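Have a look at the structure below, then the notes.
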Amino acid sequence: MTRIVTWNVNSLRVRLPQVLDWLAAHQPDIVALQETKLPDESFPAAELTAAGYSVLFSGQRTYNGVALLARGADVSFGEVARELPGFPDVQRRVLAATVGPLRVVDLYVPNGQSVDSDKYRYKLAWLAALREWLQEELGRHPLMVVLGDFNIAPEDRDVHDPAAWAGSVHVSDPERAALRALLELGFSDVFRRFESGTGFYSWWDYRQGAFRRDHGLRIDLMLATAALAARCRASHIDREPRRAERASDHAPVVAEFDI
DNA sequence: ATGGCTGCTTTGAGCAGA
């Protein structure tokens with residue numbers, strides 16, 4: 001059994017103790033982190049290695065930053081990619097590697113800020129470039145997982161108050177269409193293989209007691225190719241770390257595979 | 001109610017997140 005996780009930690013500097021505790025408690029095999037907010041020279045490689053993980057990271061100061069952890073010493077990360085082909089970008093949002101039989105693509109999709117902003121147009125252009133790249137990757141990697149903070153709630157059932165969110169960034173039609181276009185390449189949203197209802201969120205605003213009131217969005221996703229999805233046995237969102245003092249505003253999303 | 005909260009930044013008010 002292989003346990004795979006995605007978690008937007010919103011500063012690995014602040015969250016490292018919680019991440020280490022969570023790794024020790026849950027022993028995941030592959031972890032994709034987003035918003036590490038650390039330049040590579042500050043990445044806590046020694047601490048994570050001491051916790052039993054091999055690490056790969058692509059970071060920058062202040063914003064963004066992604067990392068992959070693979071359980072075991074000296075795990076080999078093959079065919080590493082840190083960019084979307086044809087989409088040069090100073091923002092560190094992409095980290096892909098081959099780990100054993102698996103292709104793992106860790107993404108921190110742009111937020112988009114608001115639907116009338118340049119950042120929104122950047123988000124849609126980024127998603128278009130991502131689709132082109134994943135289409136190529138699919139030809140080479142039948143067992144692929146694309147996971148991370150997508151900053152898109154796929155459907156209204158992934159939104160605590162769809163009427164309040166209607167038309168805004170994270171739920172707008174163009175964003176959802178871009179996500180559907182990714183899925184239509186041949187991916188499955190693994191969480192939805194096990195749970196079809198409303199009320200399952202992976203992010204809650206820090207403000208206005210949103211977590212306590214369970215006002216959230218499901219925006220952290222794990223997409224698997226058909227061959228990999230067929231081996232998925234369970235998926236859940238672990239709300240426990242969100243309860244902690246100084247919690248990330250995102251919860252880890254977990255899935256287990258027969259690999 | 002463009003507030004609310006958190007993390008970051010050539011340290012402190014402003015940006016960004018979602």
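Just remember, in the structure tokens the first chain shown is A, the second B, etc., residues are 1-based per chain, and ligands are 1-based in the order shown.
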Notebook entry, point to check: Quick one: which residues from chain A are at most 7 Å off chain B, using only C-alpha atoms (C1' of nucleotides), as a ChimeraX atom specification?
Noted result: /A:62,206-208
Next item on the list: List every residue of range 40-193 of chain A that DSSP, applied to the backbone, labels as strand (DSSP E), and write the result as JSON, numbers by chain.
Entry: {"A": [53, 54, 55, 56, 57, 58, 66, 67, 68, 69, 70, 71, 78, 79, 80, 81, 94, 95, 96, 97, 98, 99, 102, 103, 104, 105, 106, 107, 108, 144, 145, 146, 147, 148, 149, 187, 188, 189]}
Notebook entry, point to check: Using only C-alpha atoms (C1' of nucleotides), which residues sit within 7 Å of Thr98 in chain A once same-chain residues fewer than 4 positions away are excluded, as a PyMOL selection string?
Noted result: chain A and resi 77-79+102-104
Note to self: Applying 6 Å and only C-alpha atoms (C1' of nucleotides), which residues near Ala32 in chain A remain after dropping the ones on its own chain fewer than 4 positions away? List them as JSON, numbers by chain.
What the structure shows: {"A": [6, 67, 68, 106]}
Those residues with N, CA and C atoms, as a tab-separated table (two decimals), in the first residue's frame please?
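Output file result_36.tsv is given in full below:
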chain	number	residue	atom	x	y	z
A	6	THR	N	-1.22	15.39	-0.37
A	6	THR	CA	-0.93	16.77	-0.76
A	6	THR	C	-1.34	17.70	0.38
A	67	ALA	N	7.48	21.24	-2.87
A	67	ALA	CA	8.46	20.22	-2.46
A	67	ALA	C	7.82	18.85	-2.53
A	68	LEU	N	8.67	17.85	-2.79
A	68	LEU	CA	8.24	16.45	-2.76
A	68	LEU	C	9.05	15.71	-1.71
A	106	ASP	N	3.53	17.80	-8.68
A	106	ASP	CA	3.10	18.65	-7.56
A	106	ASP	C	2.85	20.06	-8.09
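If you look at CA of Gly209 in chain A and CA of Asn10 in chain A, they are 18.2 Å away from each other.
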Note to self: Let me make sure I understand: among A:Ser114, A:Ser202, A:Ser235, A:Thr2, which one has the smallest atom-to-atom distance to Asp189 in chain A if we use only C-alpha atoms?
What the structure shows: A:Ser235
Surrounding residues of range 181-188 of chain A excluding itself and chain neighbours under 2 positions, 6 Å, only C-alpha atoms (C1' of nucleotides), as a PDB file with N, CA and C atoms, in the first residue's frame:
ATOM      1  N   ARG A 131      -2.271  21.999 -19.264  1.00  0.00           N
ATOM      2  CA  ARG A 131      -2.994  20.968 -20.015  1.00  0.00           C
ATOM      3  C   ARG A 131      -2.139  20.421 -21.147  1.00  0.00           C
ATOM      4  N   ALA A 178     -11.400  24.912 -17.269  1.00  0.00           N
ATOM      5  CA  ALA A 178      -9.984  24.541 -17.392  1.00  0.00           C
ATOM      6  C   ALA A 178      -9.688  23.269 -16.593  1.00  0.00           C
ATOM      7  N   LEU A 179     -10.291  23.156 -15.420  1.00  0.00           N
ATOM      8  CA  LEU A 179     -10.097  21.935 -14.624  1.00  0.00           C
ATOM      9  C   LEU A 179     -10.743  20.730 -15.311  1.00  0.00           C
ATOM     10  N   VAL A 190      -9.574  11.642  -7.325  1.00  0.00           N
ATOM     11  CA  VAL A 190      -9.692  10.391  -6.550  1.00  0.00           C
ATOM     12  C   VAL A 190     -10.592  10.537  -5.326  1.00  0.00           C
ATOM     13  N   LEU A 223      -5.403  14.149  -8.687  1.00  0.00           N
ATOM     14  CA  LEU A 223      -5.914  13.587  -9.934  1.00  0.00           C
ATOM     15  C   LEU A 223      -5.029  12.409 -10.319  1.00  0.00           C
ATOM     16  N   ALA A 224      -5.665  11.304 -10.683  1.00  0.00           N
ATOM     17  CA  ALA A 224      -4.909  10.104 -11.047  1.00  0.00           C
ATOM     18  C   ALA A 224      -5.331   9.632 -12.428  1.00  0.00           C
ATOM     19  N   THR A 225      -4.357   9.112 -13.171  1.00  0.00           N
ATOM     20  CA  THR A 225      -4.670   8.472 -14.449  1.00  0.00           C
ATOM     21  C   THR A 225      -5.569   7.268 -14.200  1.00  0.00           C
TER      22      THR A 225
END
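The gap separating CA of Val146 in chain A from CA of Ala166 in chain A is 26.4 Å, in Å to one decimal.
Of the listed residues A:Leu95, A:Ala46, A:Leu23, A:Ile4, the one whose atoms come nearest to Arg82 in chain A is A:Leu95, with distances taken using only C-alpha atoms.
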Note to self: Among range 50-188 of chain A, which ones does DSSP assign to helix (DSSP H, G or I) (computed from the backbone)? Answer as a PyMOL selection string.
What the structure shows: chain A and resi 50+118-140+156-158+162-165+173-183
Margin query: Quick check, in Å to one decimal: how far apart do CA of Glu83 in chain A and CA of Ala97 in chain A lie?
Written below: 11.8 Å
With only C-alpha atoms (C1' of nucleotides) as the counted atoms, please give the residues lying no more than 10 Å from Leu12 in chain A, apart from itself and same-chain residues fewer than 6 positions off, as a PDB file with all heavy atoms, in the first residue's frame.
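Output (part.pdb):
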ATOM      1  N   GLN A  18       4.709  20.905  12.818  1.00  0.00           N
ATOM      2  CA  GLN A  18       3.449  20.188  12.566  1.00  0.00           C
ATOM      3  C   GLN A  18       3.610  19.168  11.448  1.00  0.00           C
ATOM      4  O   GLN A  18       3.039  18.073  11.515  1.00  0.00           O
ATOM      5  CB  GLN A  18       2.352  21.185  12.194  1.00  0.00           C
ATOM      6  CG  GLN A  18       2.015  22.150  13.331  1.00  0.00           C
ATOM      7  CD  GLN A  18       0.962  23.165  12.927  1.00  0.00           C
ATOM      8  OE1 GLN A  18       0.038  22.853  12.184  1.00  0.00           O
ATOM      9  NE2 GLN A  18       1.099  24.382  13.430  1.00  0.00           N
ATOM     10  N   VAL A  19       4.383  19.522  10.445  1.00  0.00           N
ATOM     11  CA  VAL A  19       4.612  18.577   9.345  1.00  0.00           C
ATOM     12  C   VAL A  19       5.363  17.349   9.860  1.00  0.00           C
ATOM     13  O   VAL A  19       4.993  16.207   9.554  1.00  0.00           O
ATOM     14  CB  VAL A  19       5.369  19.265   8.193  1.00  0.00           C
ATOM     15  CG1 VAL A  19       5.825  18.250   7.152  1.00  0.00           C
ATOM     16  CG2 VAL A  19       4.484  20.330   7.544  1.00  0.00           C
ATOM     17  N   LEU A  33       4.098  19.106  -1.086  1.00  0.00           N
ATOM     18  CA  LEU A  33       3.852  20.311  -0.292  1.00  0.00           C
ATOM     19  C   LEU A  33       3.780  21.521  -1.221  1.00  0.00           C
ATOM     20  O   LEU A  33       4.460  21.570  -2.245  1.00  0.00           O
ATOM     21  CB  LEU A  33       4.985  20.534   0.719  1.00  0.00           C
ATOM     22  CG  LEU A  33       5.246  19.406   1.721  1.00  0.00           C
ATOM     23  CD1 LEU A  33       6.444  19.757   2.596  1.00  0.00           C
ATOM     24  CD2 LEU A  33       4.015  19.136   2.578  1.00  0.00           C
ATOM     25  N   GLN A  34       2.949  22.491  -0.812  1.00  0.00           N
ATOM     26  CA  GLN A  34       2.879  23.761  -1.536  1.00  0.00           C
ATOM     27  C   GLN A  34       2.990  24.921  -0.553  1.00  0.00           C
ATOM     28  O   GLN A  34       2.748  24.759   0.630  1.00  0.00           O
ATOM     29  CB  GLN A  34       1.554  23.901  -2.319  1.00  0.00           C
ATOM     30  CG  GLN A  34       1.278  22.769  -3.295  1.00  0.00           C
ATOM     31  CD  GLN A  34       0.564  21.613  -2.632  1.00  0.00           C
ATOM     32  OE1 GLN A  34      -0.279  21.822  -1.759  1.00  0.00           O
ATOM     33  NE2 GLN A  34       0.902  20.387  -3.029  1.00  0.00           N
ATOM     34  N   GLU A  35       3.315  26.063  -1.126  1.00  0.00           N
ATOM     35  CA  GLU A  35       3.525  27.296  -0.352  1.00  0.00           C
ATOM     36  C   GLU A  35       4.538  27.093   0.769  1.00  0.00           C
ATOM     37  O   GLU A  35       4.306  27.467   1.915  1.00  0.00           O
ATOM     38  CB  GLU A  35       2.203  27.865   0.190  1.00  0.00           C
ATOM     39  CG  GLU A  35       1.409  28.595  -0.884  1.00  0.00           C
ATOM     40  CD  GLU A  35       0.463  29.631  -0.312  1.00  0.00           C
ATOM     41  OE1 GLU A  35      -0.694  29.301   0.016  1.00  0.00           O
ATOM     42  OE2 GLU A  35       0.879  30.794  -0.205  1.00  0.00           O
ATOM     43  N   THR A  36       5.675  26.521   0.393  1.00  0.00           N
ATOM     44  CA  THR A  36       6.765  26.410   1.375  1.00  0.00           C
ATOM     45  C   THR A  36       7.328  27.783   1.720  1.00  0.00           C
ATOM     46  O   THR A  36       7.828  27.988   2.833  1.00  0.00           O
ATOM     47  CB  THR A  36       7.880  25.517   0.818  1.00  0.00           C
ATOM     48  OG1 THR A  36       8.322  26.047  -0.435  1.00  0.00           O
ATOM     49  CG2 THR A  36       7.384  24.086   0.627  1.00  0.00           C
ATOM     50  N   LYS A  37       7.289  28.719   0.769  1.00  0.00           N
ATOM     51  CA  LYS A  37       7.737  30.103   0.994  1.00  0.00           C
ATOM     52  C   LYS A  37       9.184  30.183   1.461  1.00  0.00           C
ATOM     53  O   LYS A  37       9.525  31.077   2.247  1.00  0.00           O
ATOM     54  CB  LYS A  37       6.820  30.817   2.005  1.00  0.00           C
ATOM     55  CG  LYS A  37       5.365  30.917   1.562  1.00  0.00           C
ATOM     56  CD  LYS A  37       4.547  31.772   2.524  1.00  0.00           C
ATOM     57  CE  LYS A  37       3.118  31.967   2.025  1.00  0.00           C
ATOM     58  NZ  LYS A  37       2.342  32.794   2.960  1.00  0.00           N
ATOM     59  N   LEU A  38      10.008  29.266   0.959  1.00  0.00           N
ATOM     60  CA  LEU A  38      11.416  29.233   1.353  1.00  0.00           C
ATOM     61  C   LEU A  38      12.306  29.159   0.122  1.00  0.00           C
ATOM     62  O   LEU A  38      12.054  28.360  -0.786  1.00  0.00           O
ATOM     63  CB  LEU A  38      11.702  27.966   2.186  1.00  0.00           C
ATOM     64  CG  LEU A  38      11.125  27.884   3.575  1.00  0.00           C
ATOM     65  CD1 LEU A  38      11.339  26.483   4.120  1.00  0.00           C
ATOM     66  CD2 LEU A  38      11.800  28.905   4.477  1.00  0.00           C
ATOM     67  N   PHE A  43      15.686  25.518   2.765  1.00  0.00           N
ATOM     68  CA  PHE A  43      14.789  24.365   2.885  1.00  0.00           C
ATOM     69  C   PHE A  43      15.288  23.431   3.998  1.00  0.00           C
ATOM     70  O   PHE A  43      16.476  23.121   4.070  1.00  0.00           O
ATOM     71  CB  PHE A  43      14.719  23.601   1.556  1.00  0.00           C
ATOM     72  CG  PHE A  43      13.639  22.564   1.540  1.00  0.00           C
ATOM     73  CD1 PHE A  43      12.332  22.901   1.212  1.00  0.00           C
ATOM     74  CD2 PHE A  43      13.920  21.248   1.896  1.00  0.00           C
ATOM     75  CE1 PHE A  43      11.329  21.940   1.221  1.00  0.00           C
ATOM     76  CE2 PHE A  43      12.915  20.280   1.908  1.00  0.00           C
ATOM     77  CZ  PHE A  43      11.623  20.635   1.564  1.00  0.00           C
ATOM     78  N   PRO A  44      14.374  22.966   4.859  1.00  0.00           N
ATOM     79  CA  PRO A  44      14.792  22.140   6.010  1.00  0.00           C
ATOM     80  C   PRO A  44      15.065  20.689   5.620  1.00  0.00           C
ATOM     81  O   PRO A  44      14.449  19.752   6.154  1.00  0.00           O
ATOM     82  CB  PRO A  44      13.605  22.261   6.969  1.00  0.00           C
ATOM     83  CG  PRO A  44      12.430  22.455   6.068  1.00  0.00           C
ATOM     84  CD  PRO A  44      12.937  23.288   4.910  1.00  0.00           C
ATOM     85  N   GLY A  65       6.541  28.100  -3.873  1.00  0.00           N
ATOM     86  CA  GLY A  65       7.461  27.077  -3.379  1.00  0.00           C
ATOM     87  C   GLY A  65       6.760  25.742  -3.238  1.00  0.00           C
ATOM     88  O   GLY A  65       5.698  25.631  -2.621  1.00  0.00           O
ATOM     89  N   VAL A  66       7.350  24.709  -3.843  1.00  0.00           N
ATOM     90  CA  VAL A  66       6.794  23.354  -3.816  1.00  0.00           C
ATOM     91  C   VAL A  66       7.889  22.369  -3.446  1.00  0.00           C
ATOM     92  O   VAL A  66       9.072  22.633  -3.684  1.00  0.00           O
ATOM     93  CB  VAL A  66       6.171  22.982  -5.180  1.00  0.00           C
ATOM     94  CG1 VAL A  66       4.807  23.650  -5.353  1.00  0.00           C
ATOM     95  CG2 VAL A  66       7.082  23.362  -6.343  1.00  0.00           C
ATOM     96  N   ALA A  67       7.485  21.236  -2.872  1.00  0.00           N
ATOM     97  CA  ALA A  67       8.457  20.222  -2.460  1.00  0.00           C
ATOM     98  C   ALA A  67       7.817  18.846  -2.531  1.00  0.00           C
ATOM     99  O   ALA A  67       6.601  18.702  -2.353  1.00  0.00           O
ATOM    100  CB  ALA A  67       8.955  20.498  -1.036  1.00  0.00           C
ATOM    101  N   SER A 248      -1.972  25.691   9.297  1.00  0.00           N
ATOM    102  CA  SER A 248      -2.159  26.109   7.912  1.00  0.00           C
ATOM    103  C   SER A 248      -3.648  26.275   7.666  1.00  0.00           C
ATOM    104  O   SER A 248      -4.483  25.620   8.315  1.00  0.00           O
ATOM    105  CB  SER A 248      -1.613  25.046   6.957  1.00  0.00           C
ATOM    106  OG  SER A 248      -1.991  25.349   5.619  1.00  0.00           O
TER     107      SER A 248
END
